[in-house]
Amino acid sequence: DAFGVLPPISKLDKSHAMYHFMSGYTAKVAGTEMGVTEPQTTFSACFGAVFLPLHPTKYAEMLGKKMDENEVNVWLVNTGWSGGSYGVGSRMKLGYTRAMITAALNGELNDVEFKKHPIFGVEVPASVPGVPTEILDPRATWSDPEAYDKTAADLAQKFVTNFQKYADFANDEILAGAPKVAVEV
């Protein structure tokens with residue numbers, strides 16, 4: 001996330017996992033894409049839309065079924081920006097990303113406290129071994145919280161707008177994973 005909005009790690013319930021998988025969100029940034037000078041949102045259903053023979057909802061439903069059958073945790077890891085958007089904030093440190101993934105895989109986050117993100121609805125851990133707690137809440141990393149709220153609302157709206165093409169085929173459980181467009185502070 002080149003906008004510095006999404007938490008560096010968050011736990012997804014089934015609805016959020018299916019919604020985010022269908023959304024396939026990433027961001028293009030300068031230096032990694034030709035002709036890109038500022039961050040651009042990119043959505044590719046199931047992170048591979050051009051290769052999907054079935055409607056993306058089918059794959060999201062399969063993911064949900066596998067989650068039920070195997071009782072797994074699903075984590076969303078943001079290796080993008082923290083403390084502001086590209087050009088203002090800084091890239092998430094690789095060492096912190098490694099520590100978060102290791103903690104998730106080792107079950108070290110199973111018993112920590114979580115806080116629901118007010119816009120995206122994902123569960124954000126209050127602590128992760130080896131990671132400063134202050135970076136886990138993306139809003140707290142911004143010097144201007146109101147700018148965070150605006151940027152987060154803008155990104156949430158882009159998710160909702162992108163998802164409109166799937167909404168008629170998505171079940172209520174998938175739709176429940178959508179971000180809240182109105183900022184609740």
# chains A, B, ... in the order shown; residues from 1 in each chain; ligands from 1
$ residues_around --residues "Met22 (chain A)" --least-positions-apart "5" --cutoff "12 Å" --atoms "only C-alpha atoms" --output "ChimeraX atom specification"
/A:15-17,43-49,52,55-64,159-160,162-167,169-170,174-175,177-178
$ residues_around --residues "Asp13 (chain A)" --least-positions-apart "5" --cutoff "12 Å" --atoms "only C-alpha atoms" --output "PDB file with C-alpha atoms, in the first residue's frame"
ATOM      1  CA  MET A  18     -12.706 -13.226   0.538  1.00  0.00           C
ATOM      2  CA  TYR A  19     -13.248  -9.508  -0.161  1.00  0.00           C
ATOM      3  CA  HIS A  20      -9.536  -8.635  -0.196  1.00  0.00           C
ATOM      4  CA  PHE A  21      -8.707 -11.712  -2.285  1.00  0.00           C
ATOM      5  CA  LEU A  63     -11.136 -19.644  -0.280  1.00  0.00           C
ATOM      6  CA  GLY A  64     -13.896 -19.241   2.307  1.00  0.00           C
ATOM      7  CA  MET A  67     -10.816 -21.475   5.581  1.00  0.00           C
ATOM      8  CA  ASP A  68     -13.819 -23.211   7.191  1.00  0.00           C
ATOM      9  CA  GLU A  71      -9.601 -23.438  10.534  1.00  0.00           C
ATOM     10  CA  VAL A  72      -6.722 -21.255   9.361  1.00  0.00           C
ATOM     11  CA  ASN A  73      -5.756 -17.698  10.130  1.00  0.00           C
ATOM     12  CA  VAL A  74      -5.458 -15.354   7.166  1.00  0.00           C
ATOM     13  CA  TRP A  75      -3.113 -12.393   7.415  1.00  0.00           C
ATOM     14  CA  LEU A  76      -2.889  -9.302   5.241  1.00  0.00           C
ATOM     15  CA  LYS A 116     -10.642  -3.417  14.636  1.00  0.00           C
ATOM     16  CA  PHE A 120     -11.231  -1.494   6.670  1.00  0.00           C
ATOM     17  CA  GLY A 121     -12.641  -3.616   9.511  1.00  0.00           C
ATOM     18  CA  VAL A 122      -9.564  -5.846   9.714  1.00  0.00           C
ATOM     19  CA  GLU A 123      -8.126  -6.894  13.086  1.00  0.00           C
ATOM     20  CA  VAL A 124      -4.858  -5.142  13.947  1.00  0.00           C
ATOM     21  CA  GLU A 173     -20.628 -12.823   3.404  1.00  0.00           C
ATOM     22  CA  ILE A 174     -18.180 -11.505   0.795  1.00  0.00           C
ATOM     23  CA  ALA A 176     -19.552  -7.849   4.537  1.00  0.00           C
ATOM     24  CA  GLY A 177     -15.769  -7.544   4.064  1.00  0.00           C
ATOM     25  CA  ALA A 178     -16.042  -4.196   2.292  1.00  0.00           C
TER      26      ALA A 178
END
$ closest_residue --among "A:Gly95, A:Pro125, A:Gly83, A:Gly35" --to "Ala140 (chain A)" --atoms "only C-alpha atoms"
A:Gly83
$ atom_distance --atom1 "CA of Ser23 (chain A)" --atom2 "CA of Asn171 (chain A)"
14.5 Å
$ closest_residue --among "A:Pro8, A:Pro39, A:Gly130, A:Pro145" --to "Thr26 (chain A)" --atoms "only C-alpha atoms"
A:Pro39
$ select_by_dssp --residues "region 20-140 of chain A" --states "strand (DSSP E)" --output "number ranges by chain"
A: 25-28, 40-43, 74-77, 81-82, 90-91, 114-116, 123-125
$ select_by_dssp --residues "region 86-166 of chain A" --states "alpha helix (DSSP H)" --output "ChimeraX atom specification"
/A:94-105,138-141,145-166
$ write_last_selection --atoms "C-alpha atoms" --output "compact mmCIF listing (two decimals), in the first residue's frame"
# COMPACT_ATOMS: atom_id res chain seq x y z
CA LEU A 94 12.00 -5.41 5.81
CA GLY A 95 13.10 -6.57 9.26
CA TYR A 96 9.71 -5.61 10.69
CA THR A 97 7.88 -7.38 7.85
CA ARG A 98 9.93 -10.52 8.50
CA ALA A 99 9.20 -10.32 12.25
CA MET A 100 5.45 -9.93 11.62
CA ILE A 101 5.29 -12.87 9.22
CA THR A 102 7.39 -15.03 11.53
CA ALA A 103 5.17 -14.18 14.50
CA ALA A 104 2.03 -15.00 12.51
CA LEU A 105 3.41 -18.31 11.24
CA PRO A 138 -1.16 3.29 10.64
CA ARG A 139 -3.10 6.41 11.67
CA ALA A 140 -0.79 6.89 14.66
CA THR A 141 2.25 6.93 12.37
CA PRO A 145 -4.21 12.30 11.54
CA GLU A 146 -6.81 14.21 9.49
CA ALA A 147 -4.72 13.67 6.35
CA TYR A 148 -4.65 9.96 7.21
CA ASP A 149 -8.45 9.93 7.57
CA LYS A 150 -8.89 11.57 4.15
CA THR A 151 -6.40 9.27 2.44
CA ALA A 152 -7.93 6.18 4.09
CA ALA A 153 -11.43 7.25 3.05
CA ASP A 154 -10.20 7.85 -0.52
CA LEU A 155 -8.60 4.40 -0.68
CA ALA A 156 -11.71 2.77 0.85
CA GLN A 157 -13.82 4.46 -1.83
CA LYS A 158 -11.51 3.07 -4.52
CA PHE A 159 -12.04 -0.43 -3.10
CA VAL A 160 -15.82 0.03 -3.11
CA THR A 161 -15.85 1.50 -6.62
CA ASN A 162 -13.67 -1.32 -7.96
CA PHE A 163 -15.87 -3.96 -6.31
CA GLN A 164 -19.08 -2.67 -7.92
CA LYS A 165 -18.39 -4.84 -10.98
CA TYR A 166 -18.59 -7.96 -8.76
$ atom_distance --atom1 "CA of Pro129 (chain A)" --atom2 "CA of Ser82 (chain A)"
18.3 Å
